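S.K.: Below is the file data16.txt, which contains compact mmCIF, C-alpha atoms.
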# COMPACT_ATOMS: atom_id res chain seq x y z
CA MET A 161 0.00 0.00 0.00
CA THR A 162 1.47 3.36 -0.98
CA THR A 163 1.82 6.15 1.55
CA ASP A 164 -0.90 8.11 -0.22
CA VAL A 165 -3.38 5.23 -0.08
CA ALA A 166 -2.53 4.68 3.58
CA GLN A 167 -3.05 8.37 4.37
CA VAL A 168 -6.40 8.57 2.57
CA THR A 169 -7.54 5.33 4.23
CA ALA A 170 -6.54 6.67 7.66
CA ILE A 171 -8.40 9.96 7.08
CA VAL A 172 -11.62 8.20 6.03
CA SER A 173 -11.39 5.78 8.94
CA ALA A 174 -10.71 8.52 11.51
CA TRP A 175 -13.64 10.55 10.13
CA GLU A 176 -16.01 7.57 10.37
CA ARG A 177 -14.94 6.93 13.97
CA ALA A 178 -15.28 10.63 14.91
CA VAL A 179 -18.87 10.67 13.63
CA GLN A 180 -19.62 7.49 15.59
CA ASP A 181 -18.17 9.19 18.68
CA ARG A 182 -20.20 12.38 18.08
CA ASP A 183 -16.82 14.17 18.12
CA MET A 184 -17.30 17.42 16.18
CA ALA A 185 -13.60 18.40 16.13
CA GLY A 186 -12.64 14.99 14.79
CA THR A 187 -15.46 15.07 12.25
CA LEU A 188 -14.22 18.43 10.89
CA ALA A 189 -10.52 17.44 10.93
CA ASN A 190 -8.73 17.06 7.57
CA HIS A 191 -11.43 19.06 5.75
CA SER A 192 -10.81 21.98 3.41
CA PRO A 193 -12.11 25.44 4.40
CA ASP A 194 -13.71 25.40 0.92
CA ILE A 195 -15.48 22.04 1.24
CA VAL A 196 -18.62 21.53 -0.86
CA MET A 197 -21.03 19.15 0.90
CA PHE A 198 -24.14 17.53 -0.58
CA ASP A 199 -25.95 16.14 2.46
CA VAL A 200 -28.86 13.69 2.86
CA PRO A 201 -31.32 16.42 3.96
CA GLU A 202 -31.66 19.91 2.50
CA PRO A 203 -30.15 22.40 1.84
CA ILE A 204 -29.10 21.39 -1.69
CA GLN A 205 -25.46 22.11 -0.80
CA ALA A 206 -23.32 23.41 2.09
CA ARG A 207 -20.27 25.51 1.14
CA GLY A 208 -17.36 26.10 3.49
CA LEU A 209 -16.49 24.65 6.86
CA ALA A 210 -19.06 26.69 8.83
CA GLU A 211 -21.94 25.36 6.72
CA TYR A 212 -20.41 21.87 6.78
CA ARG A 213 -20.36 22.03 10.57
CA GLU A 214 -24.07 22.94 10.59
CA THR A 215 -24.89 19.69 8.74
CA TRP A 216 -23.24 17.76 11.58
CA GLU A 217 -24.96 19.79 14.28
CA LEU A 218 -28.23 18.60 12.72
CA PHE A 219 -26.96 15.01 12.46
CA PHE A 220 -25.74 14.90 16.06
CA GLU A 221 -29.15 16.14 17.27
CA TYR A 222 -30.59 12.83 16.03
CA SER A 223 -27.62 10.46 16.41
CA LYS A 224 -27.19 8.36 19.53
CA GLY A 225 -23.61 7.54 18.49
CA GLY A 226 -21.97 4.12 18.41
CA THR A 227 -20.77 2.00 15.51
CA ASP A 228 -24.30 1.40 14.19
CA SER A 229 -24.93 5.14 13.96
CA PHE A 230 -22.58 5.67 10.98
CA ARG A 231 -21.05 2.57 9.44
CA LEU A 232 -19.24 2.51 6.08
CA HIS A 233 -19.03 -0.68 4.04
CA GLU A 234 -17.90 -1.65 0.56
CA LEU A 235 -15.39 1.23 0.73
CA GLU A 236 -13.43 1.70 -2.51
CA LEU A 237 -10.63 4.23 -3.10
CA ALA A 238 -9.07 5.77 -6.20
CA VAL A 239 -5.84 7.59 -5.29
CA GLY A 240 -3.70 9.58 -7.74
CA ASP A 241 -0.86 12.03 -7.23
CA ILE A 242 -2.87 15.01 -5.98
CA VAL A 243 -6.51 13.94 -6.40
CA ALA A 244 -8.38 11.02 -4.83
CA PHE A 245 -11.94 9.91 -4.26
CA ALA A 246 -13.67 7.26 -2.21
CA HIS A 247 -17.15 5.79 -2.22
CA ALA A 248 -18.97 3.49 0.15
CA LEU A 249 -22.35 2.32 1.28
CA LEU A 250 -23.28 3.91 4.57
CA ASP A 251 -25.72 2.60 7.18
CA VAL A 252 -27.10 5.19 9.59
CA GLN A 253 -28.92 2.93 12.07
CA GLU A 254 -31.48 1.26 9.76
CA VAL A 255 -31.35 3.94 7.03
CA ARG A 256 -29.36 2.82 3.98
CA CYS A 257 -27.25 5.65 2.58
CA ARG A 258 -24.27 6.13 0.26
CA VAL A 259 -21.28 8.46 0.53
CA THR A 260 -18.69 9.76 -1.93
CA LEU A 261 -15.65 11.72 -0.75
CA GLY A 262 -13.33 13.86 -2.92
CA LEU A 263 -9.82 14.69 -1.67
CA ARG A 264 -6.90 16.85 -2.75
CA LYS A 265 -3.28 16.64 -1.65
CA ILE A 266 -2.18 20.05 -0.37
CA GLY A 267 1.58 19.96 0.20
CA ASP A 268 2.14 16.67 2.05
CA ASP A 269 -1.38 16.34 3.42
CA TRP A 270 -4.60 14.97 1.98
CA VAL A 271 -7.73 16.98 2.75
CA ILE A 272 -11.40 16.26 2.05
CA VAL A 273 -12.74 18.95 -0.33
CA HIS A 274 -16.07 17.37 -1.28
CA GLU A 275 -18.65 15.05 0.26
CA HIS A 276 -21.84 13.67 -1.19
CA HIS A 277 -24.18 11.82 1.19
CA SER A 278 -27.57 10.53 0.09
CA SER A 279 -30.29 7.98 0.62
CA PRO A 280 -32.21 6.83 -2.45
CA TRP A 281 -35.82 7.64 -3.20
CA PRO A 282 -38.27 4.77 -3.66
CA ASN A 283 -38.15 3.29 -7.16
CA PRO A 284 -41.18 4.50 -9.17
CA ARG A 285 -41.52 1.14 -10.96
CA MET B 118 -6.15 24.34 -19.44
CA THR B 119 -4.20 21.10 -19.43
CA THR B 120 -5.04 18.31 -21.83
CA ASP B 121 -6.35 16.21 -18.92
CA VAL B 122 -8.69 18.95 -17.74
CA ALA B 123 -9.89 19.49 -21.30
CA GLN B 124 -10.53 15.76 -21.76
CA VAL B 125 -12.46 15.42 -18.50
CA THR B 126 -14.47 18.55 -19.28
CA ALA B 127 -15.32 17.21 -22.74
CA ILE B 128 -16.44 13.84 -21.34
CA VAL B 129 -18.73 15.43 -18.75
CA SER B 130 -20.17 17.82 -21.34
CA ALA B 131 -20.78 15.08 -23.92
CA TRP B 132 -22.46 12.91 -21.27
CA GLU B 133 -24.76 15.76 -20.20
CA ARG B 134 -25.75 16.38 -23.82
CA ALA B 135 -26.33 12.68 -24.50
CA VAL B 136 -28.73 12.45 -21.54
CA GLN B 137 -30.55 15.56 -22.79
CA ASP B 138 -30.81 13.89 -26.23
CA ARG B 139 -32.05 10.58 -24.71
CA ASP B 140 -29.10 9.00 -26.51
CA MET B 141 -28.33 5.76 -24.64
CA ALA B 142 -25.09 4.97 -26.52
CA GLY B 143 -23.76 8.47 -25.83
CA THR B 144 -24.85 8.26 -22.18
CA LEU B 145 -22.90 5.01 -21.72
CA ALA B 146 -19.81 6.20 -23.64
CA ASN B 147 -16.57 6.72 -21.70
CA HIS B 148 -17.83 4.61 -18.78
CA SER B 149 -15.93 1.76 -17.14
CA PRO B 150 -17.37 -1.78 -17.35
CA ASP B 151 -16.94 -1.77 -13.55
CA ILE B 152 -18.81 1.47 -12.87
CA VAL B 153 -20.42 1.86 -9.44
CA MET B 154 -23.53 4.08 -9.66
CA PHE B 155 -25.51 5.54 -6.76
CA ASP B 156 -28.70 6.79 -8.41
CA VAL B 157 -31.53 9.07 -7.22
CA PRO B 158 -34.04 6.20 -6.92
CA GLU B 159 -33.40 2.71 -5.56
CA PRO B 160 -31.62 0.32 -5.80
CA ILE B 161 -28.94 1.44 -3.31
CA GLN B 162 -26.27 0.90 -5.98
CA ALA B 163 -25.87 -0.33 -9.56
CA ARG B 164 -22.65 -2.24 -10.35
CA GLY B 165 -21.34 -2.69 -13.87
CA LEU B 166 -22.43 -1.28 -17.19
CA ALA B 167 -25.52 -3.48 -17.58
CA GLU B 168 -26.98 -2.28 -14.27
CA TYR B 169 -25.88 1.29 -15.05
CA ARG B 170 -27.79 1.07 -18.33
CA GLU B 171 -30.92 -0.03 -16.44
CA THR B 172 -30.84 3.19 -14.38
CA TRP B 173 -31.01 5.17 -17.64
CA GLU B 174 -33.76 3.00 -19.08
CA LEU B 175 -35.81 4.04 -16.05
CA PHE B 176 -34.80 7.69 -16.43
CA PHE B 177 -35.62 7.83 -20.14
CA GLU B 178 -39.09 6.38 -19.45
CA TYR B 179 -39.86 9.61 -17.58
CA SER B 180 -37.65 12.15 -19.40
CA LYS B 181 -39.00 14.22 -22.26
CA GLY B 182 -35.45 15.24 -23.20
CA GLY B 183 -34.20 18.75 -23.94
CA THR B 184 -31.79 20.96 -22.05
CA ASP B 185 -34.16 21.40 -19.07
CA SER B 186 -34.37 17.64 -18.62
CA PHE B 187 -30.80 17.28 -17.30
CA ARG B 188 -28.86 20.47 -16.71
CA LEU B 189 -25.58 20.69 -14.77
CA HIS B 190 -24.54 23.93 -13.08
CA GLU B 191 -21.79 25.01 -10.67
CA LEU B 192 -19.60 22.26 -12.15
CA GLU B 193 -16.22 21.96 -10.40
CA LEU B 194 -13.39 19.60 -11.36
CA ALA B 195 -10.37 18.19 -9.56
CA VAL B 196 -7.97 16.54 -12.02
CA GLY B 197 -4.77 14.70 -11.06
CA ASP B 198 -2.48 12.40 -13.02
CA ILE B 199 -4.68 9.29 -13.09
CA VAL B 200 -7.64 10.18 -10.83
CA ALA B 201 -10.21 12.96 -11.17
CA PHE B 202 -13.60 13.87 -9.79
CA ALA B 203 -16.29 16.39 -10.62
CA HIS B 204 -19.33 17.67 -8.79
CA ALA B 205 -22.23 19.83 -9.86
CA LEU B 206 -25.76 20.79 -9.04
CA LEU B 207 -28.19 19.11 -11.42
CA ASP B 208 -31.68 20.24 -12.37
CA VAL B 209 -33.97 17.54 -13.75
CA GLN B 210 -36.93 19.64 -14.89
CA GLU B 211 -38.02 21.22 -11.59
CA VAL B 212 -36.34 18.60 -9.35
CA ARG B 213 -33.13 19.86 -7.74
CA CYS B 214 -30.45 17.19 -7.68
CA ARG B 215 -26.68 16.89 -7.25
CA VAL B 216 -24.14 14.73 -9.04
CA THR B 217 -20.58 13.61 -8.30
CA LEU B 218 -18.48 11.80 -10.91
CA GLY B 219 -15.27 9.84 -10.29
CA LEU B 220 -12.86 9.17 -13.18
CA ARG B 221 -9.69 7.19 -13.79
CA LYS B 222 -7.18 7.57 -16.59
CA ILE B 223 -6.71 4.21 -18.32
CA GLY B 224 -3.81 4.49 -20.75
CA ASP B 225 -4.46 7.78 -22.56
CA ASP B 226 -8.18 7.91 -21.92
CA TRP B 227 -10.28 9.13 -19.02
CA VAL B 228 -13.24 6.94 -18.08
CA ILE B 229 -16.05 7.45 -15.58
CA VAL B 230 -15.82 4.75 -12.89
CA HIS B 231 -18.26 6.15 -10.33
CA GLU B 232 -21.39 8.31 -10.30
CA HIS B 233 -23.44 9.52 -7.38
CA HIS B 234 -26.77 11.21 -8.18
CA SER B 235 -29.17 12.33 -5.46
CA SER B 236 -31.91 14.71 -4.46
CA PRO B 237 -32.03 15.82 -0.83
CA TRP B 238 -34.69 14.81 1.66
CA PRO B 239 -36.69 17.55 3.38
CA ASN B 240 -34.86 19.07 6.32
CA PRO B 241 -36.34 17.73 9.60
CA ARG B 242 -35.89 21.07 11.35
Before we go any further, please render this structure as structure tokens.
M.R.:
Amino acid sequence: MTTDVAQVTAIVSAWERAVQDRDMAGTLANHSPDIVMFDVPEPIQARGLAEYRETWELFFEYSKGGTDSFRLHELELAVGDIVAFAHALLDVQEVRCRVTLGLRKIGDDWVIVHEHHSSPWPNPR
Amino acid sequence: MTTDVAQVTAIVSAWERAVQDRDMAGTLANHSPDIVMFDVPEPIQARGLAEYRETWELFFEYSKGGTDSFRLHELELAVGDIVAFAHALLDVQEVRCRVTLGLRKIGDDWVIVHEHHSSPWPNPR
């Protein structure tokens, strides 16, 4: 495993654990000040770390914490020289969600610059 | 603009136009056989080009086509050596959606390996 893959893996894992622990500082760590977040509930997007934090304030109002409160599975990474992304299925208690993360390498450090969280609508068929 | 940025931009633009034209071959072009798609409606994920195609068969049942049927805006790209991603807001007629695309460079060509489409749930607040 390259250093870059190891770093991206560690960031995603630490973020997942911070959300499970309802740890706001850990949840915000390794995120760009310019992050663009597409969250499960409205608004349509959150831009910048202050708006990103608001999405977690809402989440933590409803989350009891623990590993079942925010569990990634089927995580897959694509890591290049200065750009990476990751996607996974995401279970939030019994609600089945999906998450995609976009990262950039700034100097020696990878930072999350984009997140897309969603839960699908019922199929109209 | 680097060649890589120009190529990724052209792929995203051609894909948007193909969906507007209800052109299935154009919609599937430049996609990996192993694509992982998170679509607006269920199922939770579609894996591989055959399942990806099914998501568009459903979409084209409901889409009248035209530029208002699938319009990207606020498109932003991050392009590295062999990995790239893009995110944008997406209007499907009057429905406000978001899309994130993940790409890999295979040889000289960029291909879409991941898509995440969603529309947010109402805010519980």
S.K.: For chain A, list the residues within 7 Å of chain B, counting only C-alpha atoms, and write the list as a PyMOL selection string.
M.R.: chain A and resi 199-202+204+238-245+262+278+280-283
S.K.: Let me know the centre plus edge lengths, in Å and rounded to one decimal, of a box with edges along x, y and z that contains all listed atoms of range 160-169 of chain B and is padded by 8 Å on every side, as AutoDock Vina command-line options.
M.R.:
--center_x -26.5 --center_y -1.0 --center_z -10.4 --size_x 26.3 --size_y 20.9 --size_z 30.3
S.K.: Please list as a PDB file with C-alpha atoms, in the frame of the given file every residue within 9 Å of range 230-234 of chain A, counting all atoms listed in the file and excluding residues in the same chain fewer than 3 positions away.
M.R.:
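Result written to result-v6.pdb:
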ATOM      1  CA  SER A 173     -11.390   5.780   8.940  1.00  0.00           C
ATOM      2  CA  GLU A 176     -16.010   7.570  10.370  1.00  0.00           C
ATOM      3  CA  ARG A 177     -14.940   6.930  13.970  1.00  0.00           C
ATOM      4  CA  VAL A 179     -18.870  10.670  13.630  1.00  0.00           C
ATOM      5  CA  GLN A 180     -19.620   7.490  15.590  1.00  0.00           C
ATOM      6  CA  SER A 223     -27.620  10.460  16.410  1.00  0.00           C
ATOM      7  CA  GLY A 225     -23.610   7.540  18.490  1.00  0.00           C
ATOM      8  CA  GLY A 226     -21.970   4.120  18.410  1.00  0.00           C
ATOM      9  CA  THR A 227     -20.770   2.000  15.510  1.00  0.00           C
ATOM     10  CA  HIS A 247     -17.150   5.790  -2.220  1.00  0.00           C
ATOM     11  CA  ALA A 248     -18.970   3.490   0.150  1.00  0.00           C
ATOM     12  CA  LEU A 249     -22.350   2.320   1.280  1.00  0.00           C
ATOM     13  CA  LEU A 250     -23.280   3.910   4.570  1.00  0.00           C
ATOM     14  CA  ASP A 251     -25.720   2.600   7.180  1.00  0.00           C
ATOM     15  CA  VAL A 252     -27.100   5.190   9.590  1.00  0.00           C
ATOM     16  CA  GLN A 253     -28.920   2.930  12.070  1.00  0.00           C
ATOM     17  CA  ARG A 258     -24.270   6.130   0.260  1.00  0.00           C
ATOM     18  CA  VAL A 259     -21.280   8.460   0.530  1.00  0.00           C
TER      19      VAL A 259
END
S.K.: Identify the residues around (-20.9, -3.8, -7.6) within a radius of 8 Å, measuring from only C-alpha atoms in the coordinates stated by the file, and give them as a VMD selection string.
M.R.: chain B and resid 151 to 153 162 to 165
S.K.: Set the distance at 10 Å and use all atoms listed in the file: which residues neighbour Ile128 in chain B once local chain neighbours fewer than 3 positions away are removed? I'd like the list as a ChimeraX atom specification.
M.R.: /B:122-125,131-134,146-148,227-229
S.K.: Have a look at CA of Thr144 in chain B and CA of Trp173 in chain B and let me know their distance in Å, one decimal.
M.R.: 8.3 Å
S.K.: For CA of Phe177 in chain B and CA of Arg139 in chain B, determine how far apart the two atoms are, in Å to one decimal place.
M.R.: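 Rounded to one decimal, the two atoms are 6.4 Å apart.
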S.K.: With distances taken over all atoms listed in the file, which of B:Leu194, B:Ala167, B:Val212, B:Val129 is nearest to Ser149 in chain B?
M.R.: B:Ala167
S.K.: Measuring atom to atom with all atoms listed in the file, identify which of A:Glu211, A:Lys224, A:Leu235, A:Asp268 is nearest to Asp183 in chain A.
M.R.: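 Nearest to Asp183 in chain A: A:Lys224.
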S.K.: Could you state the separation of CA of Ala185 in chain A and CA of Asp164 in chain A in Å, given to one decimal place?
M.R.: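 CA of Ala185 in chain A sits 23.1 Å away from CA of Asp164 in chain A.
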S.K.: Smallest atom-to-atom distance to Thr215 in chain A: which of A:Leu188, A:Pro193, A:Thr169, A:Asp269, using all atoms listed in the file?
M.R.: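 Looking at the shortest contact to Thr215 in chain A, the residue is A:Leu188.
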